[in-house]
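Raw contents of data17.txt, compact mmCIF, C-alpha atoms and all ligand atoms:
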# COMPACT_ATOMS: atom_id res chain seq x y z
CA MET A 14 69.90 -16.84 -21.89
CA GLY A 15 72.24 -19.11 -19.97
CA VAL A 16 71.33 -20.03 -16.39
CA LEU A 17 73.93 -19.39 -13.67
CA ASN A 18 72.71 -20.32 -10.21
CA VAL A 19 75.05 -19.23 -7.43
CA THR A 20 73.16 -21.40 -4.94
CA PRO A 21 73.63 -24.64 -3.00
CA ASP A 22 70.14 -25.94 -3.77
CA SER A 23 68.94 -25.12 -7.31
CA PHE A 24 67.12 -28.10 -8.74
CA TYR A 25 69.66 -28.83 -11.49
CA ASP A 26 72.94 -26.93 -11.00
CA GLY A 27 72.65 -26.40 -7.21
CA GLY A 28 76.08 -26.41 -5.53
CA LEU A 29 78.05 -26.47 -8.78
CA PHE A 30 78.64 -22.72 -8.95
CA LEU A 31 78.42 -21.52 -5.36
CA ASP A 32 82.12 -20.83 -5.52
CA GLU A 33 82.63 -17.37 -7.09
CA GLN A 34 85.45 -18.37 -9.42
CA ARG A 35 83.61 -21.42 -10.73
CA ALA A 36 80.49 -19.31 -11.26
CA VAL A 37 82.39 -16.68 -13.24
CA ALA A 38 84.18 -19.32 -15.31
CA HIS A 39 80.86 -20.99 -16.15
CA GLY A 40 79.28 -17.65 -17.08
CA LEU A 41 82.17 -16.86 -19.43
CA ASP A 42 81.96 -20.36 -20.85
CA MET A 43 78.25 -19.94 -21.63
CA ALA A 44 79.03 -16.60 -23.31
CA ARG A 45 81.75 -18.29 -25.40
CA HIS A 46 79.23 -20.92 -26.45
CA GLY A 47 76.82 -18.25 -27.67
CA ALA A 48 74.67 -17.10 -24.75
CA ASP A 49 73.55 -13.51 -25.36
CA VAL A 50 72.62 -13.08 -21.69
CA VAL A 51 73.85 -14.80 -18.53
CA ASP A 52 71.13 -14.95 -15.86
CA VAL A 53 72.68 -14.84 -12.40
CA GLY A 54 70.55 -16.03 -9.48
CA GLY A 55 71.32 -16.41 -5.77
CA GLU A 56 68.05 -17.89 -4.51
CA SER A 57 66.46 -21.08 -5.77
CA SER A 58 62.82 -20.85 -6.80
CA ARG A 59 62.32 -24.60 -7.20
CA PRO A 60 59.10 -25.98 -5.70
CA GLY A 61 59.52 -26.17 -1.92
CA ALA A 62 62.56 -23.84 -1.82
CA GLU A 63 63.10 -21.87 1.37
CA PRO A 64 63.78 -18.12 1.02
CA VAL A 65 67.34 -16.81 1.39
CA SER A 66 68.24 -13.68 3.38
CA GLU A 67 68.98 -10.48 1.48
CA ARG A 68 72.49 -10.36 2.91
CA GLU A 69 73.26 -13.90 1.76
CA GLU A 70 71.81 -13.37 -1.70
CA LEU A 71 73.78 -10.14 -2.16
CA ALA A 72 77.01 -11.89 -1.13
CA ARG A 73 76.37 -14.65 -3.67
CA VAL A 74 75.44 -12.65 -6.72
CA VAL A 75 77.07 -9.21 -6.66
CA PRO A 76 80.73 -10.30 -7.15
CA VAL A 77 79.69 -12.67 -9.94
CA VAL A 78 77.64 -10.01 -11.73
CA ALA A 79 80.53 -7.53 -11.43
CA ALA A 80 83.03 -10.01 -12.86
CA LEU A 81 80.83 -10.98 -15.83
CA ALA A 82 79.34 -7.62 -16.74
CA GLY A 83 82.23 -6.42 -18.92
CA HIS A 84 82.13 -9.61 -20.97
CA VAL A 85 78.48 -10.49 -21.57
CA ARG A 86 75.04 -9.03 -20.92
CA VAL A 87 74.01 -10.00 -17.39
CA SER A 88 70.52 -10.35 -15.99
CA ILE A 89 69.76 -10.65 -12.29
CA ASP A 90 67.23 -13.31 -11.30
CA THR A 91 65.78 -12.02 -8.04
CA VAL A 92 62.56 -11.00 -6.32
CA LYS A 93 64.32 -8.61 -3.90
CA ARG A 94 64.49 -4.93 -4.69
CA ALA A 95 67.82 -4.41 -2.89
CA VAL A 96 69.43 -7.32 -4.76
CA ALA A 97 68.15 -6.04 -8.12
CA GLU A 98 69.50 -2.55 -7.36
CA ALA A 99 72.90 -3.82 -6.22
CA ALA A 100 73.19 -6.08 -9.27
CA VAL A 101 72.34 -3.20 -11.59
CA ASP A 102 75.00 -1.09 -9.84
CA ALA A 103 77.42 -3.97 -10.47
CA GLY A 104 76.59 -3.99 -14.19
CA ALA A 105 73.43 -6.08 -14.76
CA THR A 106 71.20 -4.54 -17.44
CA LEU A 107 68.14 -6.79 -17.15
CA VAL A 108 66.05 -7.61 -14.07
CA ASN A 109 64.58 -11.12 -14.39
CA ASP A 110 61.69 -10.96 -11.98
CA ILE A 111 59.68 -14.11 -11.22
CA SER A 112 57.47 -12.02 -8.91
CA ALA A 113 56.63 -9.56 -11.73
CA SER A 114 56.73 -6.69 -9.25
CA LEU A 115 60.13 -5.00 -9.61
CA TRP A 116 59.40 -2.81 -12.63
CA PRO A 117 59.97 0.38 -10.56
CA VAL A 118 63.63 -0.65 -10.16
CA ALA A 119 63.95 -1.06 -13.92
CA ALA A 120 62.20 2.27 -14.51
CA GLU A 121 64.44 4.12 -12.04
CA SER A 122 67.69 2.62 -13.28
CA GLY A 123 66.96 2.48 -17.03
CA VAL A 124 67.44 -1.27 -17.46
CA GLY A 125 65.25 -3.97 -18.99
CA TRP A 126 62.70 -6.03 -17.06
CA VAL A 127 61.27 -9.54 -17.42
CA ALA A 128 57.77 -10.06 -16.03
CA MET A 129 57.19 -13.74 -15.27
CA HIS A 130 53.90 -15.29 -14.20
CA MET A 131 53.78 -17.36 -11.03
CA GLN A 132 50.78 -18.61 -9.08
CA GLY A 133 51.57 -18.52 -5.35
CA ALA A 134 55.11 -18.70 -3.99
CA PRO A 135 57.85 -21.30 -4.58
CA ARG A 136 57.45 -23.01 -1.20
CA THR A 137 53.86 -24.10 -1.90
CA MET A 138 53.12 -23.31 -5.56
CA GLN A 139 53.00 -26.92 -6.76
CA HIS A 140 50.63 -28.17 -4.04
CA ASP A 141 47.42 -27.75 -6.01
CA PRO A 142 47.63 -25.21 -8.85
CA ARG A 143 44.22 -24.34 -10.31
CA TYR A 144 42.99 -22.06 -13.07
CA GLY A 145 39.69 -21.49 -14.85
CA ASP A 146 41.47 -20.83 -18.15
CA VAL A 147 45.22 -20.95 -17.65
CA VAL A 148 46.09 -19.35 -20.99
CA ALA A 149 43.70 -16.41 -20.60
CA GLU A 150 44.69 -15.83 -16.97
CA VAL A 151 48.45 -15.95 -17.56
CA HIS A 152 48.32 -13.83 -20.71
CA GLY A 153 46.00 -11.32 -19.05
CA PHE A 154 48.30 -11.02 -16.03
CA LEU A 155 51.38 -10.49 -18.22
CA ARG A 156 49.63 -7.86 -20.37
CA ASP A 157 48.62 -5.96 -17.26
CA ARG A 158 52.11 -6.02 -15.71
CA ALA A 159 53.75 -5.08 -19.00
CA ARG A 160 51.38 -2.13 -19.41
CA ARG A 161 52.21 -0.86 -15.92
CA ALA A 162 55.95 -1.14 -16.61
CA LEU A 163 55.69 0.63 -19.97
CA GLU A 164 53.64 3.40 -18.38
CA ALA A 165 56.29 3.73 -15.67
CA GLY A 166 58.89 4.29 -18.39
CA VAL A 167 60.61 0.91 -18.75
CA ASP A 168 61.82 0.73 -22.38
CA GLU A 169 62.56 -2.98 -22.56
CA VAL A 170 59.78 -5.21 -21.20
CA TRP A 171 59.81 -8.99 -21.63
CA VAL A 172 57.01 -11.40 -20.73
CA ASP A 173 57.40 -15.01 -19.61
CA PRO A 174 54.56 -17.48 -18.93
CA GLY A 175 56.51 -19.02 -16.03
CA ILE A 176 56.62 -22.67 -16.98
CA GLY A 177 56.49 -24.80 -13.80
CA PHE A 178 55.61 -21.93 -11.46
CA GLY A 179 52.29 -22.96 -9.90
CA LYS A 180 51.32 -25.10 -12.90
CA THR A 181 50.59 -28.74 -13.63
CA SER A 182 52.07 -30.46 -16.70
CA GLU A 183 48.76 -29.82 -18.50
CA HIS A 184 48.95 -26.09 -17.66
CA ASN A 185 52.55 -25.96 -18.93
CA LEU A 186 51.62 -27.70 -22.18
CA ALA A 187 48.63 -25.42 -22.75
CA LEU A 188 50.86 -22.37 -22.28
CA LEU A 189 53.47 -23.71 -24.68
CA LEU A 190 50.81 -24.58 -27.26
CA HIS A 191 49.31 -21.09 -27.05
CA LEU A 192 52.64 -19.25 -27.05
CA PRO A 193 51.99 -17.74 -30.51
CA GLU A 194 49.07 -15.78 -29.01
CA LEU A 195 51.35 -14.23 -26.39
CA VAL A 196 53.85 -13.39 -29.13
CA THR A 197 51.21 -11.47 -31.11
CA ASP A 198 50.92 -8.95 -28.26
CA GLY A 199 54.17 -7.54 -29.65
CA LEU A 200 56.33 -7.78 -26.53
CA PRO A 201 59.40 -10.00 -26.64
CA VAL A 202 58.67 -13.37 -25.04
CA LEU A 203 61.07 -15.36 -22.85
CA VAL A 204 60.44 -19.04 -22.11
CA GLY A 205 62.18 -21.30 -19.58
CA THR A 206 61.52 -25.03 -19.75
CA SER A 207 65.08 -26.19 -19.18
CA ARG A 208 65.38 -29.46 -17.19
CA LYS A 209 62.01 -28.87 -15.48
CA THR A 210 60.04 -31.69 -13.86
CA PHE A 211 57.13 -31.69 -16.32
CA LEU A 212 59.58 -32.86 -19.01
CA GLY A 213 60.41 -35.86 -16.85
CA ARG A 214 56.70 -36.53 -16.29
CA LEU A 215 55.93 -36.37 -20.01
CA ALA A 216 58.83 -38.67 -20.85
CA ALA A 217 57.73 -41.16 -18.17
CA GLY A 218 54.16 -41.35 -19.53
CA PRO A 219 50.94 -41.77 -17.53
CA GLY A 220 51.56 -43.12 -14.03
CA GLY A 221 55.34 -43.22 -14.53
CA GLU A 222 57.86 -41.64 -12.18
CA PRO A 223 59.64 -38.60 -13.69
CA GLY A 224 63.33 -39.30 -14.27
CA PRO A 225 66.04 -37.08 -12.80
CA ALA A 226 66.85 -33.62 -14.20
CA THR A 227 70.05 -35.04 -15.71
CA ASP A 228 67.85 -37.07 -18.09
CA ARG A 229 65.90 -34.09 -19.43
CA LEU A 230 68.20 -32.65 -22.11
CA ALA A 231 66.16 -33.89 -25.09
CA GLY A 232 62.92 -32.49 -23.66
CA SER A 233 64.64 -29.20 -22.82
CA ILE A 234 65.94 -28.69 -26.34
CA ALA A 235 62.72 -29.93 -27.96
CA THR A 236 60.60 -27.47 -26.00
CA ALA A 237 63.11 -24.61 -26.43
CA THR A 238 63.02 -25.25 -30.17
CA TRP A 239 59.24 -25.28 -30.16
CA ALA A 240 59.25 -21.98 -28.26
CA MET A 241 61.62 -20.40 -30.79
CA LEU A 242 59.48 -21.60 -33.70
CA ALA A 243 56.41 -20.23 -31.95
CA GLY A 244 58.07 -16.80 -31.86
CA ALA A 245 59.80 -16.57 -28.48
CA SER A 246 62.69 -14.11 -28.67
CA MET A 247 64.75 -15.77 -25.95
CA VAL A 248 64.91 -19.15 -24.22
CA ARG A 249 66.36 -19.63 -20.73
CA VAL A 250 68.55 -22.75 -20.72
CA HIS A 251 71.19 -24.62 -18.75
CA ASP A 252 72.66 -26.23 -21.90
CA VAL A 253 73.78 -23.30 -23.97
CA SER A 254 75.66 -24.98 -26.80
CA SER A 255 72.81 -27.43 -27.55
CA ALA A 256 70.28 -24.60 -27.48
CA VAL A 257 72.42 -22.39 -29.71
CA GLU A 258 72.77 -25.25 -32.19
CA ALA A 259 68.98 -25.71 -32.19
CA ALA A 260 68.47 -21.94 -32.58
CA THR A 261 70.83 -21.88 -35.55
CA LEU A 262 69.01 -24.74 -37.24
CA VAL A 263 65.60 -23.23 -36.59
CA GLY A 264 66.79 -19.80 -37.72
CA THR A 265 68.13 -21.01 -41.02
CA THR A 266 65.00 -23.05 -41.64
CA ARG A 267 62.74 -20.11 -40.85
CA LEU A 268 64.60 -17.91 -43.31
CA GLY A 269 64.16 -20.54 -45.99
CA VAL A 270 67.90 -21.12 -46.21
CA PRO A 271 68.70 -24.83 -46.12
CA GLY A 272 70.56 -25.65 -42.90
CA PRO A 273 73.28 -28.26 -42.58
CA ARG A 274 72.03 -31.68 -43.67
CA PRO A 275 73.08 -35.05 -42.33
CA ALA A 276 75.24 -37.09 -44.69
CA VAL A 277 73.06 -39.60 -46.59
CA ARG A 278 74.52 -42.88 -47.76
CA SER A 279 73.82 -43.33 -51.48
CA GLY A 280 70.91 -45.62 -52.19
CA ALA A 281 70.16 -46.11 -48.52
CA GLU A 282 67.75 -43.24 -48.01
CA SER A 283 64.37 -44.22 -46.68
N1 LIG B 301 62.84 -20.57 -14.10
C1 LIG B 301 63.62 -20.67 -13.02
C2 LIG B 301 64.21 -19.53 -12.46
N2 LIG B 301 64.03 -18.32 -13.02
N3 LIG B 301 63.10 -16.98 -14.71
C3 LIG B 301 62.32 -16.85 -15.79
N4 LIG B 301 62.16 -15.65 -16.36
N5 LIG B 301 61.70 -17.93 -16.36
C4 LIG B 301 61.83 -19.18 -15.85
O1 LIG B 301 61.22 -20.13 -16.39
C5 LIG B 301 62.65 -19.36 -14.68
C6 LIG B 301 63.28 -18.20 -14.13
C7 LIG B 301 63.85 -22.00 -12.38
O2 LIG B 301 65.01 -22.62 -12.88
P1 LIG B 301 66.47 -22.62 -12.21
O3 LIG B 301 66.97 -21.23 -12.03
O4 LIG B 301 67.35 -23.49 -13.00
O5 LIG B 301 66.30 -23.33 -10.82
P2 LIG B 301 66.24 -22.82 -9.32
O6 LIG B 301 65.06 -21.91 -9.23
O7 LIG B 301 66.11 -24.07 -8.51
O8 LIG B 301 67.51 -22.06 -9.04
Turn the structure described in the file into structure tokens.
Amino acid sequence: MGVLNVTPDSFYDGGLFLDEQRAVAHGLDMARHGADVVDVGGESSRPGAEPVSEREELARVVPVVAALAGHVRVSIDTVKRAVAEAAVDAGATLVNDISASLWPVAAESGVGWVAMHMQGAPRTMQHDPRYGDVVAEVHGFLRDRARRALEAGVDEVWVDPGIGFGKTSEHNLALLLHLPELVTDGLPVLVGTSRKTFLGRLAAGPGGEPGPATDRLAGSIATATWAMLAGASMVRVHDVSSAVEAATLVGTTRLGVPGPRPAVRSGAES
């Protein structure tokens, strides 16, 4: 799943694709590089983000969804019912819902739905996130939401632990470590770690300042690869070609087929 933020303020690609033509070109480019889904969003959910009006969000996303829908599967990343409905009318076939509350839209319109876990709301969610048992609470929440959606008649239900959404680095790591348990529930799992702050914190080490999002490619691909090996069916990424390359390598390894090997100089192998 390639990320396409039609926003001025997203934490990594904010402002790059606010222009409709640039957004569409980037979406098509991600599809060419192997994205199965392009996730179009018109409201940043980064920590501290201010909400955007419905009118503004509709104006940002609907033309982009309409232009991409004939070329690649499009998901709509929104928490607003009206935006989800308009995007589905424009051709989106998956509602990516960080509020985990829009399953009725998916049920009514016959599209897929992603339930993501978030503690609190973007503006304040990173102030002091607390859990008794983060893995049990997040998994329990996702199971409950998925059950409600399935009962309402949604055929395609995804679950996503919501890395970085009301979670410390330790919470994020615990959720990644325990991903295989979420996978065993049988629902397809989506994971989004791409360029997120906890990767910068981990790379900086204890007491260090996290580096900028531009320095987080290695961590993004490492954690996406871990998620794929742990059984996630989809990873949400900004860097599609690197992620597709990692997915190809992991896929061939998992099937027991030797993947491409680096050239080894004779006699110099250690
Ligand atoms: N992360 C972001 C947004 N939407 N959806 C799902 N299902 N899972 C995620 O982890 C997820 C998501 C945040 O990333 P991004 O869209 O790049 O940034 P911003 O919210 O600043 O636009």
For the atom pair atom CA of Ala243 of chain A and atom CA of Glu222 of chain A, what is the interatomic distance in Å to one decimal place?
->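 Between these atoms lies a distance of 29.2 Å.
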Go through A:Leu230, A:Leu115, A:Val74, A:Val51 one by one, measure the shortest atom-to-atom distance of each to Ser88 of chain A using all atoms listed in the file, and give the residue with the smallest value.
->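 Ranking A:Leu230, A:Leu115, A:Val74, A:Val51 by distance to Ser88 of chain A, first place goes to A:Val51.
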Restricting to all atoms listed in the file, whichever of A:Thr106, A:Thr197, A:Gln34, A:Thr206 is closest to ligand LIG 301 (chain B) is A:Thr206
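Rounded to one decimal, atom CA of Gly205 of chain A and atom CA of Val87 of chain A lie 16.5 Å from each other.
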Grab me every residue within 9 Å of ligand LIG 301 (chain B), counting only C-alpha atoms and all ligand atoms, and send it over as a PyMOL selection string.
-> chain A and resi 16-27+52-60+62+90-91+109-111+127-130+135+171-178+203-209+248-251
Using all atoms listed in the file, which of A:Ala235, A:Leu186, A:Leu192, A:Val78 sits nearest Phe211 of chain A?
->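 Using all atoms listed in the file, the shortest distance to Phe211 of chain A belongs to A:Leu186.
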Please determine the residues with any atom at most 12 Å from (43.1, -14.9, -20.4) (coordinates as given in the file, with only C-alpha atoms counting) and report them as a list of chain:residue names.
->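 The distance filter leaves exactly A:Tyr144, A:Gly145, A:Asp146, A:Val147, A:Val148, A:Ala149, A:Glu150, A:Val151, A:His152, A:Gly153, A:Phe154, A:Leu155, A:Arg156, A:Asp157, A:Pro174, A:Leu188, A:His191, A:Glu194, A:Leu195.
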For Leu262 of chain A, the nearest of the candidates A:Leu81, A:Ile234, A:Ala119, A:Ala245, counting only C-alpha atoms = A:Ile234
Can I get segment 108-122 of chain A with N, CA, C and O atoms filled in, as an mmCIF file, in the frame of the given file?
data_model
loop_
_atom_site.group_PDB
_atom_site.id
_atom_site.type_symbol
_atom_site.label_atom_id
_atom_site.label_comp_id
_atom_site.auth_asym_id
_atom_site.auth_seq_id
_atom_site.Cartn_x
_atom_site.Cartn_y
_atom_site.Cartn_z
ATOM 1 N N VAL A 108 66.541 -7.052 -15.334
ATOM 2 C CA VAL A 108 66.050 -7.610 -14.070
ATOM 3 C C VAL A 108 65.059 -8.725 -14.433
ATOM 4 O O VAL A 108 64.003 -8.465 -15.028
ATOM 5 N N ASN A 109 65.427 -9.959 -14.104
ATOM 6 C CA ASN A 109 64.580 -11.120 -14.390
ATOM 7 C C ASN A 109 63.781 -11.411 -13.121
ATOM 8 O O ASN A 109 64.307 -11.908 -12.132
ATOM 9 N N ASP A 110 62.483 -11.123 -13.195
ATOM 10 C CA ASP A 110 61.690 -10.960 -11.980
ATOM 11 C C ASP A 110 60.535 -11.969 -11.960
ATOM 12 O O ASP A 110 59.474 -11.731 -12.541
ATOM 13 N N ILE A 111 60.730 -13.086 -11.250
ATOM 14 C CA ILE A 111 59.680 -14.110 -11.220
ATOM 15 C C ILE A 111 58.465 -13.647 -10.401
ATOM 16 O O ILE A 111 57.419 -14.278 -10.453
ATOM 17 N N SER A 112 58.614 -12.545 -9.660
ATOM 18 C CA SER A 112 57.470 -12.020 -8.910
ATOM 19 C C SER A 112 56.702 -10.969 -9.714
ATOM 20 O O SER A 112 55.648 -10.493 -9.282
ATOM 21 N N ALA A 113 57.252 -10.574 -10.854
ATOM 22 C CA ALA A 113 56.630 -9.560 -11.730
ATOM 23 C C ALA A 113 56.230 -8.292 -10.972
ATOM 24 O O ALA A 113 55.175 -7.704 -11.213
ATOM 25 N N SER A 114 57.086 -7.874 -10.045
ATOM 26 C CA SER A 114 56.730 -6.690 -9.250
ATOM 27 C C SER A 114 57.835 -5.630 -9.186
ATOM 28 O O SER A 114 57.638 -4.571 -8.592
ATOM 29 N N LEU A 115 58.985 -5.906 -9.786
ATOM 30 C CA LEU A 115 60.130 -5.000 -9.610
ATOM 31 C C LEU A 115 60.298 -3.993 -10.747
ATOM 32 O O LEU A 115 61.377 -3.434 -10.920
ATOM 33 N N TRP A 116 59.214 -3.741 -11.515
ATOM 34 C CA TRP A 116 59.400 -2.810 -12.630
ATOM 35 C C TRP A 116 59.834 -1.416 -12.168
ATOM 36 O O TRP A 116 60.560 -0.744 -12.897
ATOM 37 N N PRO A 117 59.470 -0.948 -10.946
ATOM 38 C CA PRO A 117 59.970 0.380 -10.560
ATOM 39 C C PRO A 117 61.501 0.455 -10.521
ATOM 40 O O PRO A 117 62.080 1.492 -10.840
ATOM 41 N N VAL A 118 62.157 -0.653 -10.163
ATOM 42 C CA VAL A 118 63.630 -0.650 -10.160
ATOM 43 C C VAL A 118 64.141 -0.456 -11.584
ATOM 44 O O VAL A 118 65.061 0.333 -11.831
ATOM 45 N N ALA A 119 63.529 -1.172 -12.519
ATOM 46 C CA ALA A 119 63.950 -1.060 -13.920
ATOM 47 C C ALA A 119 63.685 0.361 -14.435
ATOM 48 O O ALA A 119 64.516 0.941 -15.150
ATOM 49 N N ALA A 120 62.534 0.916 -14.049
ATOM 50 C CA ALA A 120 62.200 2.270 -14.510
ATOM 51 C C ALA A 120 63.199 3.286 -13.958
ATOM 52 O O ALA A 120 63.679 4.163 -14.675
ATOM 53 N N GLU A 121 63.529 3.143 -12.674
ATOM 54 C CA GLU A 121 64.440 4.120 -12.040
ATOM 55 C C GLU A 121 65.860 4.012 -12.582
ATOM 56 O O GLU A 121 66.560 5.014 -12.699
ATOM 57 N N SER A 122 66.275 2.776 -12.908
ATOM 58 C CA SER A 122 67.690 2.620 -13.280
ATOM 59 C C SER A 122 67.899 2.481 -14.786
ATOM 60 O O SER A 122 69.034 2.348 -15.240
#
